[in-house]
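Undergrad: This is structure27.txt (compact mmCIF, C-alpha atoms).
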```txt
# COMPACT_ATOMS: atom_id res chain seq x y z
CA MET A 1 138.45 108.20 31.73
CA GLN A 2 141.80 109.01 30.23
CA GLY A 3 142.70 112.23 32.02
CA LEU A 4 144.41 115.19 30.44
CA ASP A 5 148.03 115.69 29.52
CA PHE A 6 149.00 118.89 27.77
CA SER A 7 152.73 118.19 27.92
CA ILE A 8 152.61 116.42 24.56
CA VAL A 9 151.26 119.45 22.71
CA PRO A 10 154.60 121.23 21.99
CA GLU A 11 155.99 118.12 20.32
CA TYR A 12 153.40 118.48 17.54
CA TRP A 13 153.86 122.19 17.07
CA PRO A 14 155.35 121.95 13.53
CA LEU A 15 152.17 120.33 12.18
CA ILE A 16 149.83 122.58 14.16
CA GLY A 17 151.80 125.66 13.12
CA LYS A 18 151.48 124.68 9.47
CA GLY A 19 147.73 124.32 9.91
CA LEU A 20 147.61 127.73 11.58
CA TRP A 21 149.46 129.24 8.63
CA TRP A 22 146.96 127.73 6.17
CA THR A 23 144.06 129.04 8.22
CA VAL A 24 145.53 132.53 7.92
CA VAL A 25 146.18 132.17 4.17
CA ILE A 26 142.75 130.74 3.35
CA SER A 27 140.93 133.29 5.52
CA ALA A 28 142.87 136.23 4.09
CA ALA A 29 142.32 135.14 0.48
CA SER A 30 138.64 134.45 1.07
CA ALA A 31 138.18 137.77 2.87
CA LEU A 32 139.66 139.65 -0.08
CA PHE A 33 137.64 137.76 -2.69
CA SER A 34 134.44 138.02 -0.65
CA ILE A 35 134.77 141.81 -0.51
CA ILE A 36 135.50 142.16 -4.24
CA ALA A 37 132.73 139.74 -5.26
CA GLY A 38 130.36 141.24 -2.70
CA MET A 39 130.81 144.71 -4.19
CA GLY A 40 130.32 143.22 -7.67
CA PHE A 41 127.05 141.57 -6.61
CA ALA A 42 125.86 144.77 -4.95
CA LEU A 43 126.52 146.81 -8.10
CA VAL A 44 124.75 144.22 -10.26
CA VAL A 45 121.72 144.13 -7.96
CA LEU A 46 121.50 147.92 -7.92
CA TYR A 47 122.41 148.90 -11.46
CA ALA A 48 122.51 145.99 -13.93
CA SER A 49 119.76 145.09 -16.38
CA PRO A 50 117.09 142.67 -15.08
CA VAL A 51 118.50 139.84 -17.23
CA VAL A 52 121.79 139.98 -15.32
CA ARG A 53 120.24 140.96 -12.02
CA ALA A 54 117.78 138.07 -11.73
CA PRO A 55 120.31 135.19 -11.69
CA VAL A 56 122.57 137.08 -9.24
CA ARG A 57 119.60 137.67 -6.96
CA LEU A 58 118.61 134.02 -7.18
CA PHE A 59 122.16 132.98 -6.35
CA MET A 60 122.32 135.34 -3.35
CA TRP A 61 118.99 134.07 -2.10
CA LEU A 62 120.16 130.45 -2.42
CA PHE A 63 123.46 131.04 -0.65
CA MET A 64 121.90 133.08 2.16
CA GLY A 65 119.36 130.39 2.89
CA THR A 66 121.70 127.40 3.08
CA PRO A 67 124.61 126.40 5.35
CA LEU A 68 128.24 126.88 4.35
CA LEU A 69 129.00 123.19 4.94
CA LEU A 70 126.38 122.17 2.37
CA GLN A 71 127.78 124.67 -0.13
CA LEU A 72 131.27 123.26 0.35
CA PHE A 73 130.01 119.72 -0.18
CA LEU A 74 128.32 120.82 -3.40
CA ILE A 75 131.42 122.58 -4.72
CA TYR A 76 133.91 119.88 -3.74
CA PHE A 77 132.03 116.56 -3.93
CA GLY A 78 129.28 117.69 -6.31
CA LEU A 79 131.01 119.53 -9.13
CA VAL A 80 133.57 116.76 -9.65
CA GLN A 81 130.73 114.39 -10.56
CA ILE A 82 129.81 116.55 -13.53
CA GLY A 83 133.44 116.84 -14.59
CA ILE A 84 134.47 120.05 -12.82
CA ASP A 85 137.39 119.05 -10.63
CA ILE A 86 138.50 121.91 -8.40
CA PRO A 87 141.36 121.18 -5.97
CA ALA A 88 140.29 121.10 -2.30
CA VAL A 89 142.05 124.32 -1.31
CA TRP A 90 140.39 126.26 -4.12
CA SER A 91 137.01 124.68 -3.41
CA GLY A 92 137.36 125.88 0.16
CA ILE A 93 138.41 129.39 -0.83
CA ILE A 94 135.66 129.63 -3.48
CA GLY A 95 133.02 128.35 -1.04
CA LEU A 96 134.05 130.70 1.77
CA SER A 97 134.38 133.65 -0.61
CA LEU A 98 130.97 133.16 -2.22
CA HIS A 99 129.26 132.46 1.11
CA PHE A 100 130.51 135.71 2.61
CA ALA A 101 130.31 137.69 -0.65
CA VAL A 102 126.54 137.29 -0.46
CA TYR A 103 126.41 138.81 3.03
CA ASN A 104 128.87 141.54 2.07
CA ALA A 105 126.77 142.33 -0.99
CA ASP A 106 123.78 142.94 1.25
CA ILE A 107 125.85 145.27 3.44
CA PHE A 108 127.27 147.17 0.44
CA ARG A 109 123.84 147.46 -1.17
CA ALA A 110 122.47 149.08 1.97
CA GLY A 111 125.61 151.26 2.23
CA ILE A 112 125.23 152.51 -1.33
CA ALA A 113 121.49 153.07 -0.93
CA SER A 114 122.07 155.20 2.16
CA LEU A 115 124.53 157.56 0.41
CA ASP A 116 123.26 161.05 -0.25
CA LYS A 117 121.82 161.26 -3.79
CA GLY A 118 123.53 164.60 -4.08
CA GLN A 119 126.87 162.77 -4.41
CA THR A 120 125.78 161.12 -7.63
CA GLU A 121 124.06 164.23 -8.93
CA ALA A 122 127.12 166.39 -8.25
CA ALA A 123 129.43 163.89 -9.97
CA ARG A 124 127.14 163.59 -12.99
CA SER A 125 126.85 167.35 -13.30
CA LEU A 126 130.66 167.57 -13.22
CA GLY A 127 130.74 165.38 -16.32
CA PHE A 128 131.36 161.91 -14.81
CA GLY A 129 129.60 159.09 -16.69
CA ALA A 130 127.19 156.78 -14.85
CA TRP A 131 129.73 154.00 -14.21
CA GLN A 132 132.55 156.47 -13.58
CA THR A 133 130.40 158.03 -10.87
CA ARG A 134 129.76 154.61 -9.34
CA PHE A 135 133.43 153.58 -9.34
CA TYR A 136 135.04 156.83 -8.25
CA ILE A 137 132.36 158.43 -6.06
CA VAL A 138 129.85 155.85 -4.82
CA VAL A 139 131.95 152.71 -4.23
CA PRO A 140 134.74 154.35 -2.20
CA GLN A 141 132.27 156.05 0.12
CA ALA A 142 130.19 152.89 0.51
CA LEU A 143 133.35 150.89 1.32
CA ARG A 144 134.31 153.42 3.97
CA ASN A 145 130.89 153.56 5.59
CA THR A 146 130.54 149.79 5.81
CA VAL A 147 133.90 149.02 7.46
CA PRO A 148 132.37 148.02 10.83
CA ALA A 149 129.71 145.74 9.34
CA VAL A 150 132.06 144.09 6.86
CA GLY A 151 134.62 143.75 9.65
CA ASN A 152 132.14 141.71 11.66
CA MET A 153 131.66 139.45 8.63
CA MET A 154 135.42 138.93 8.41
CA ILE A 155 135.51 137.91 12.07
CA ALA A 156 132.81 135.34 11.29
CA LEU A 157 134.75 134.25 8.20
CA LEU A 158 137.91 133.53 10.19
CA LYS A 159 135.99 131.22 12.53
CA GLU A 160 133.95 129.56 9.79
CA SER A 161 137.11 128.86 7.80
CA SER A 162 137.41 125.95 10.25
CA ILE A 163 134.60 124.27 8.27
CA VAL A 164 136.81 123.79 5.20
CA SER A 165 138.63 121.11 7.19
CA MET A 166 135.63 118.93 6.29
CA ILE A 167 136.69 118.77 2.65
CA GLY A 168 140.19 117.78 3.66
CA ILE A 169 142.08 121.06 3.57
CA ALA A 170 145.09 120.92 5.89
CA GLU A 171 144.23 124.00 7.97
CA LEU A 172 144.19 124.26 11.74
CA VAL A 173 141.29 121.93 12.57
CA HIS A 174 142.45 119.37 10.05
CA SER A 175 146.00 119.40 11.47
CA ALA A 176 144.54 118.95 14.93
CA GLN A 177 142.58 115.95 13.63
CA LEU A 178 145.73 114.44 12.11
CA VAL A 179 147.59 114.79 15.41
CA ILE A 180 144.61 113.36 17.30
CA SER A 181 144.46 110.30 15.06
CA GLU A 182 148.04 109.64 16.13
CA THR A 183 147.86 110.57 19.81
CA TYR A 184 144.18 109.86 20.71
CA ARG A 185 144.12 113.11 22.66
CA PRO A 186 141.18 115.06 21.20
CA PHE A 187 140.59 117.31 24.19
CA GLU A 188 144.16 118.63 24.38
CA PHE A 189 144.51 119.34 20.67
CA TYR A 190 141.06 120.73 19.99
CA LEU A 191 141.55 123.01 22.97
CA THR A 192 144.92 124.06 21.56
CA ALA A 193 143.30 124.78 18.20
CA ALA A 194 140.52 126.75 19.92
CA ALA A 195 143.11 128.82 21.80
CA LEU A 196 144.93 129.60 18.55
CA TYR A 197 141.67 130.71 16.89
CA TYR A 198 141.01 132.88 19.91
CA VAL A 199 144.37 134.60 19.51
CA LEU A 200 143.88 135.04 15.75
CA ASN A 201 140.48 136.51 16.50
CA LEU A 202 141.99 139.03 18.95
CA ILE A 203 144.58 140.06 16.38
CA LEU A 204 141.94 140.47 13.67
CA GLU A 205 139.77 142.56 16.00
CA ALA A 206 142.72 144.83 16.78
CA VAL A 207 143.49 145.23 13.06
CA LEU A 208 139.86 146.05 12.32
CA ARG A 209 139.76 148.62 15.11
CA GLY A 210 142.85 150.23 13.56
CA ILE A 211 141.19 150.36 10.14
CA GLU A 212 138.01 151.79 11.64
CA ARG A 213 139.97 154.55 13.37
CA LYS A 214 141.81 155.42 10.16
CA VAL A 215 138.60 155.52 8.18
CA GLU A 216 136.97 157.63 10.86
CA LEU A 217 139.83 160.16 10.62
CA SER A 218 139.52 160.43 6.84
CA ARG A 219 135.99 161.77 7.05
CA MET B 1 117.28 117.21 -13.75
CA ASP B 2 116.24 113.73 -12.71
CA ILE B 3 112.69 114.38 -11.49
CA ALA B 4 112.04 110.73 -10.65
CA LEU B 5 115.05 110.70 -8.34
CA ILE B 6 113.84 113.85 -6.60
CA GLY B 7 110.44 112.24 -6.06
CA ARG B 8 112.06 109.15 -4.58
CA ILE B 9 114.37 110.95 -2.16
CA ILE B 10 111.94 113.58 -0.85
CA PRO B 11 110.54 111.44 2.02
CA VAL B 12 114.04 110.71 3.33
CA PHE B 13 115.00 114.36 3.12
CA VAL B 14 111.84 115.58 4.83
CA GLN B 15 112.63 113.17 7.65
CA ALA B 16 116.18 114.58 7.85
CA ALA B 17 114.83 118.14 7.81
CA TRP B 18 112.62 117.23 10.77
CA THR B 19 115.76 116.22 12.67
CA THR B 20 117.26 119.61 11.76
CA VAL B 21 114.14 121.30 13.14
CA GLN B 22 114.39 119.30 16.38
CA ILE B 23 118.07 120.17 16.84
CA SER B 24 117.31 123.82 16.11
CA LEU B 25 114.44 124.01 18.62
CA LEU B 26 116.28 122.19 21.39
CA SER B 27 119.49 124.19 21.02
CA LEU B 28 117.43 127.38 20.74
CA ALA B 29 115.77 126.61 24.09
CA LEU B 30 119.12 125.84 25.71
CA GLY B 31 120.67 128.91 24.08
CA LEU B 32 117.98 131.23 25.41
CA ALA B 33 118.35 129.85 28.94
CA VAL B 34 122.14 130.24 28.82
CA ALA B 35 121.78 133.69 27.30
CA ALA B 36 119.41 134.92 30.02
CA LEU B 37 121.84 133.74 32.68
CA VAL B 38 124.94 135.17 30.99
CA ALA B 39 123.22 138.49 30.26
CA ALA B 40 122.19 138.70 33.94
CA LEU B 41 125.82 138.06 34.92
CA ARG B 42 127.04 140.75 32.55
CA LEU B 43 124.57 143.28 33.98
CA SER B 44 125.30 142.37 37.60
CA HIS B 45 126.69 144.78 40.20
CA VAL B 46 129.32 142.27 41.28
CA ALA B 47 132.55 142.67 39.32
CA ALA B 48 133.43 138.96 39.52
CA LEU B 49 130.07 137.96 38.04
CA ARG B 50 130.39 140.56 35.30
CA PHE B 51 133.82 139.16 34.46
CA ALA B 52 132.48 135.59 34.35
CA GLY B 53 129.73 136.64 31.95
CA ALA B 54 132.13 138.56 29.74
CA ALA B 55 134.58 135.64 29.70
CA TYR B 56 131.85 133.24 28.61
CA VAL B 57 130.83 135.50 25.73
CA SER B 58 134.42 136.15 24.69
CA VAL B 59 135.45 132.48 24.69
CA PHE B 60 132.38 131.10 22.92
CA ARG B 61 132.30 133.88 20.34
CA GLY B 62 136.06 133.91 19.88
CA THR B 63 136.40 130.27 18.82
CA PRO B 64 134.73 128.28 16.02
CA ALA B 65 131.47 126.47 16.77
CA LEU B 66 132.88 123.43 14.94
CA ILE B 67 135.70 123.08 17.50
CA GLN B 68 133.26 123.51 20.37
CA ILE B 69 131.25 120.60 18.98
CA PHE B 70 134.40 118.47 18.55
CA LEU B 71 135.65 119.34 22.04
CA LEU B 72 132.42 118.18 23.64
CA TYR B 73 131.87 115.10 21.49
CA PHE B 74 135.42 113.78 21.02
CA GLY B 75 137.12 115.42 24.01
CA GLY B 76 134.25 114.99 26.47
CA PRO B 77 134.95 111.33 27.30
CA GLN B 78 138.44 112.33 28.49
CA ILE B 79 136.91 114.47 31.21
CA GLY B 80 134.07 112.07 31.98
CA ILE B 81 131.36 113.45 29.67
CA GLN B 82 130.07 110.75 27.35
CA LEU B 83 127.31 111.90 25.00
CA GLU B 84 125.50 110.59 21.94
CA PRO B 85 126.17 112.63 18.77
CA PHE B 86 122.68 114.16 18.80
CA ALA B 87 122.98 115.30 22.44
CA ALA B 88 126.57 116.52 22.08
CA GLY B 89 125.74 118.48 18.93
CA THR B 90 122.61 120.04 20.38
CA ILE B 91 124.27 121.03 23.65
CA ALA B 92 127.36 122.49 21.93
CA LEU B 93 125.19 124.49 19.52
CA GLY B 94 123.07 125.76 22.42
CA LEU B 95 126.10 126.82 24.47
CA ASN B 96 127.52 128.56 21.39
CA ILE B 97 124.41 130.47 20.34
CA GLY B 98 123.79 131.35 24.00
CA ALA B 99 126.87 133.60 23.93
CA TYR B 100 125.55 135.50 20.90
CA MET B 101 122.03 135.70 22.31
CA ALA B 102 123.34 136.99 25.65
CA GLU B 103 124.70 140.00 23.78
CA SER B 104 121.36 140.53 22.04
CA ILE B 105 119.56 140.48 25.39
CA ARG B 106 122.10 142.75 27.03
CA GLY B 107 121.91 145.15 24.10
CA GLY B 108 118.12 145.31 24.48
CA VAL B 109 118.30 146.04 28.21
CA LEU B 110 121.00 148.69 27.77
CA SER B 111 119.07 150.52 25.07
CA VAL B 112 116.15 151.20 27.39
CA ASP B 113 116.56 154.76 28.63
CA ARG B 114 118.21 154.93 32.09
CA GLY B 115 115.50 157.30 33.17
CA GLN B 116 113.00 154.42 33.09
CA MET B 117 114.89 152.59 35.83
CA GLU B 118 115.44 155.81 37.79
CA ALA B 119 111.78 156.79 37.57
CA ALA B 120 110.64 153.33 38.68
CA ARG B 121 113.06 153.36 41.62
CA SER B 122 111.96 156.82 42.70
CA LEU B 123 108.34 155.61 42.61
CA GLY B 124 109.27 153.00 45.20
CA PHE B 125 109.85 149.91 43.04
CA GLY B 126 112.75 147.75 44.19
CA GLU B 127 115.59 147.17 41.76
CA GLY B 128 114.40 143.68 40.77
CA GLN B 129 110.83 144.91 40.48
CA SER B 130 111.88 147.81 38.26
CA MET B 131 113.78 145.42 36.02
CA ARG B 132 110.92 142.93 35.87
CA TRP B 133 107.99 145.32 35.38
CA ILE B 134 109.46 148.42 33.76
CA VAL B 135 112.75 147.76 31.95
CA LEU B 136 112.40 144.18 30.65
CA PRO B 137 109.01 144.62 28.95
CA GLN B 138 110.43 147.54 26.98
CA ALA B 139 113.73 145.75 26.31
CA ALA B 140 111.96 142.60 25.10
CA LYS B 141 110.59 144.42 22.07
CA LEU B 142 114.05 145.64 21.14
CA MET B 143 115.45 142.09 21.41
CA ILE B 144 113.12 140.48 18.86
CA ARG B 145 115.17 141.36 15.79
CA PRO B 146 118.70 140.62 17.08
CA LEU B 147 117.54 137.37 18.71
CA GLY B 148 115.83 136.50 15.44
CA VAL B 149 119.09 137.01 13.54
CA ASN B 150 120.77 134.68 16.06
CA ALA B 151 118.05 132.06 15.60
CA VAL B 152 118.38 132.12 11.80
CA ALA B 153 122.16 131.70 12.12
CA LEU B 154 121.52 128.79 14.46
CA VAL B 155 119.32 126.97 11.94
CA LYS B 156 122.10 127.18 9.35
CA GLY B 157 124.66 126.33 12.01
CA THR B 158 122.94 123.02 12.77
CA ALA B 159 124.59 121.69 9.60
CA LEU B 160 127.80 121.44 11.63
CA VAL B 161 126.53 118.44 13.59
CA ALA B 162 126.70 116.49 10.31
CA THR B 163 130.44 116.31 11.07
CA ILE B 164 129.79 114.11 14.11
CA SER B 165 127.42 111.96 12.00
CA VAL B 166 124.08 113.18 13.27
CA VAL B 167 121.71 112.17 10.46
CA GLU B 168 120.26 115.60 9.72
CA LEU B 169 119.76 117.42 6.44
CA THR B 170 123.36 118.21 5.45
CA TYR B 171 124.61 114.76 6.48
CA THR B 172 121.88 113.15 4.39
CA ALA B 173 122.72 115.41 1.44
CA GLN B 174 126.39 114.47 1.61
CA ARG B 175 125.57 110.75 1.72
CA PHE B 176 123.22 110.99 -1.26
CA ILE B 177 125.64 113.11 -3.31
CA GLY B 178 128.16 110.32 -2.76
CA SER B 179 125.82 107.48 -3.71
CA THR B 180 123.66 108.91 -6.54
CA TYR B 181 126.14 111.05 -8.46
CA LYS B 182 123.37 113.61 -8.94
CA PRO B 183 124.72 116.60 -6.96
CA PHE B 184 122.34 119.21 -8.34
CA GLU B 185 119.17 117.26 -7.72
CA ILE B 186 120.31 116.58 -4.15
CA PHE B 187 121.40 120.17 -3.61
CA THR B 188 118.08 121.48 -4.96
CA VAL B 189 116.00 119.35 -2.60
CA THR B 190 118.23 120.16 0.37
CA ALA B 191 118.37 123.87 -0.40
CA VAL B 192 114.58 124.11 -0.76
CA LEU B 193 114.11 122.47 2.64
CA TYR B 194 116.68 124.74 4.32
CA MET B 195 115.16 127.80 2.71
CA ILE B 196 111.66 126.87 3.89
CA MET B 197 113.06 126.76 7.44
CA VAL B 198 115.30 129.83 7.16
CA TYR B 199 112.96 132.13 5.27
CA GLY B 200 109.92 130.81 7.16
CA LEU B 201 111.62 131.75 10.42
CA THR B 202 112.62 135.14 8.97
CA LEU B 203 108.98 135.77 8.11
CA VAL B 204 107.84 134.91 11.64
CA ILE B 205 110.46 137.25 13.13
CA ASP B 206 109.43 140.07 10.79
CA ARG B 207 105.82 139.63 11.86
CA LEU B 208 106.72 139.62 15.57
CA ASP B 209 108.99 142.60 15.16
CA ARG B 210 106.32 144.60 13.35
CA ALA B 211 103.65 143.61 15.83
CA TYR B 212 105.61 144.48 18.99
CA ALA B 213 108.57 146.71 18.20
CA GLY B 214 106.47 149.02 16.04
CA GLU B 215 104.70 150.40 19.10
CA ALA B 216 107.90 150.86 21.13
```
Represent the structure of the file as structure tokens.
TA:
Amino acid sequence: MQGLDFSIVPEYWPLIGKGLWWTVVISAASALFSIIAGMGFALVVLYASPVVRAPVRLFMWLFMGTPLLLQLFLIYFGLVQIGIDIPAVWSGIIGLSLHFAVYNADIFRAGIASLDKGQTEAARSLGFGAWQTRFYIVVPQALRNTVPAVGNMMIALLKESSIVSMIGIAELVHSAQLVISETYRPFEFYLTAAALYYVLNLILEAVLRGIERKVELSR
Amino acid sequence: MDIALIGRIIPVFVQAAWTTVQISLLSLALGLAVAALVAALRLSHVAALRFAGAAYVSVFRGTPALIQIFLLYFGGPQIGIQLEPFAAGTIALGLNIGAYMAESIRGGVLSVDRGQMEAARSLGFGEGQSMRWIVLPQAAKLMIRPLGVNAVALVKGTALVATISVVELTYTAQRFIGSTYKPFEIFTVTAVLYMIMVYGLTLVIDRLDRAYAGEA
């Protein structure tokens, strides 16, 4: 038994801090893309012609039924074998975005379906076209009503972004692993990484609460 | 699509999927036990116990499951806990999902009308008796769906133990993608197996929910 020694942690802060920064960047980018793509999927599933709808449905079904880690392996190690070479960081962002877009799409679909039909009817009778009505009337209201549910997905996304370390992206877990390979102190540095995720999580929750309050006021 | 390859690898992948099922069931059992305990702590009258329960939930839900697995498997030996990958992965997954399931259980108990407890108490049931015979049977029905969502997430979450080289489905998929250069064939076989587990479980939960929660 080696015993614990946390006094060496500060010495490696520059590397850990860099990893922390990349975790924030990758999570924020993936969150944004997952919301945009999720709304796109939801609109396709609800309104597009069956020819477009069927493949999107199949894709959603596939991605909901399989683990993120497997999806990342497919995108990063799989696609390169058929000549599609996506850099690790983008593979990670694409994988995270698509994985959560599928869940967001489900939330948005339910959010749109639960809107009062009168909203669409009123907009149409005021002369809005079908897609104009969807973009200006339906989507904004659905986005507002689904803030809590999508927020929970973003909290999950932040934590699951740790999985992209497995395809070699230098985020927080990966930096911790680098330091550990040098210091042989896994407990200290994984615990440090966990603590940093915990703090990020608290910050994200506070931000989401702020957004929820704002949205609540705008009703 | 290389059909011959798919035919050749299926037995290996079914074997790996069986390992995934074992990990899922074992960590589900551990998770439920942890969850029952933590939910009881969170519903206790003693402030210190309530705090302990809340702290458990907050810590395990506030940090990534992947790090929890690494902490136990790689960090464990430093504090005298030496585990095989399979055991470390299963225990870490169980402790993690236990925090989520505790909230599902607590939510079920709290959504039973307070009047049920009050009525039972006024009829002479003790507090434990009221909980056991009046509140919990009603709460159990309300827990089926949220616990089911947790269980489905757990099945997908078992992929994480591939990172500590437990030879389950995702680990096997990664190894075969590396050695066969046929990513789509491998992904198809793996995805089908995961979806049988995930959507099969979803079906079971739907059935249970309809059978029991419908009458609540």
Undergrad: What is the atom CA of A:Met166 to atom CA of B:Phe70 distance in Å?
TA: 12.3 Å
Undergrad: With a cut-off of 8 Å and counting all atoms listed in the file, select all residues of chain B in contact with chain A and give the selection as a VMD selection string.
TA: chain B and resid 59 62 to 68 70 to 71 74 to 80 156 to 157 159 to 160 163 170 173 to 174 177 to 178 181 to 184 187 191 194 to 195 198 to 199
Undergrad: To one decimal place, how far is atom CA of B:Leu32 from atom CA of B:Tyr100 in Å?
TA: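 For atom CA of B:Leu32 relative to atom CA of B:Tyr100, the distance reads 9.8 Å.
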Undergrad: To one decimal place in Å, what is the distance between atom CA of A:Ile211 and atom CA of A:Arg144?
TA: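 Taking atom CA of A:Ile211 and atom CA of A:Arg144, their separation equals 9.7 Å.
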Undergrad: Residues within 7 Å of stretch 129-140 of chain A, please, as a compact mmCIF listing (two decimals) with C-alpha atoms, keeping the file's coordinate frame. Count all atoms listed in the file; anything in the same chain fewer than 3 positions from it doesn't count.
TA:
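The file below, part.txt, is the result:
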```txt
# COMPACT_ATOMS: atom_id res chain seq x y z
CA ILE A 112 125.23 152.51 -1.33
CA THR A 120 125.78 161.12 -7.63
CA ALA A 123 129.43 163.89 -9.97
CA ARG A 124 127.14 163.59 -12.99
CA LEU A 143 133.35 150.89 1.32
CA ARG A 144 134.31 153.42 3.97
```
Undergrad: For stretch 93-104 of chain A, find every residue with an atom within 6 Å (counting all atoms listed in the file), except residues of its own chain fewer than 6 positions away, and show them as a list of chain:residue names.
TA: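 The residues satisfying every condition are A:Ser30, A:Phe33, A:Ser34, A:Ala37, A:Gly38, A:Met60, A:Leu72.
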Undergrad: Quick one: residues within 12 Å of stretch 41-44 of chain B, all atoms listed in the file counted, chain neighbours fewer than 2 positions away excluded, as a ChimeraX atom specification?
TA: /B:34-39,46-58,99,102-110,127-128,131
Undergrad: Of the candidates B:Val189, B:Leu169, B:Met143, B:Ala211, which shows the shortest atom-to-atom distance to B:Thr19, using all atoms listed in the file?
TA: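 For B:Thr19, the nearest of the given residues is B:Leu169.
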Undergrad: At a cut-off of 12 Å, using all atoms listed in the file, what residues contact A:Val25? Leave out same-chain residues fewer than 3 positions from it and give the result as an MDAnalysis selection string.
TA: chainID A and resid 18:22 28:32 89:90 92:93 158 161 169:172
Undergrad: Taking C-alpha atoms for each residue, export the selection above as a PDB file, keeping the file's coordinate frame.
TA:
```pdb
ATOM      1  CA  LYS A  18     151.480 124.680   9.470  1.00  0.00           C
ATOM      2  CA  GLY A  19     147.730 124.320   9.910  1.00  0.00           C
ATOM      3  CA  LEU A  20     147.610 127.730  11.580  1.00  0.00           C
ATOM      4  CA  TRP A  21     149.460 129.240   8.630  1.00  0.00           C
ATOM      5  CA  TRP A  22     146.960 127.730   6.170  1.00  0.00           C
ATOM      6  CA  ALA A  28     142.870 136.230   4.090  1.00  0.00           C
ATOM      7  CA  ALA A  29     142.320 135.140   0.480  1.00  0.00           C
ATOM      8  CA  SER A  30     138.640 134.450   1.070  1.00  0.00           C
ATOM      9  CA  ALA A  31     138.180 137.770   2.870  1.00  0.00           C
ATOM     10  CA  LEU A  32     139.660 139.650  -0.080  1.00  0.00           C
ATOM     11  CA  VAL A  89     142.050 124.320  -1.310  1.00  0.00           C
ATOM     12  CA  TRP A  90     140.390 126.260  -4.120  1.00  0.00           C
ATOM     13  CA  GLY A  92     137.360 125.880   0.160  1.00  0.00           C
ATOM     14  CA  ILE A  93     138.410 129.390  -0.830  1.00  0.00           C
ATOM     15  CA  LEU A 158     137.910 133.530  10.190  1.00  0.00           C
ATOM     16  CA  SER A 161     137.110 128.860   7.800  1.00  0.00           C
ATOM     17  CA  ILE A 169     142.080 121.060   3.570  1.00  0.00           C
ATOM     18  CA  ALA A 170     145.090 120.920   5.890  1.00  0.00           C
ATOM     19  CA  GLU A 171     144.230 124.000   7.970  1.00  0.00           C
ATOM     20  CA  LEU A 172     144.190 124.260  11.740  1.00  0.00           C
TER      21      LEU A 172
END
```
Undergrad: Using the file's own x, y and z axes, what box holds all listed atoms of stretch 164-170 of chain A with 4 Å on each side, keeping edges along x, y and z, and what are its centre and edge lengths in Å to one decimal, as AutoDock Vina command-line options?
TA:
```
--center_x 140.4 --center_y 120.8 --center_z 4.9 --size_x 17.5 --size_y 14.0 --size_z 12.5
```
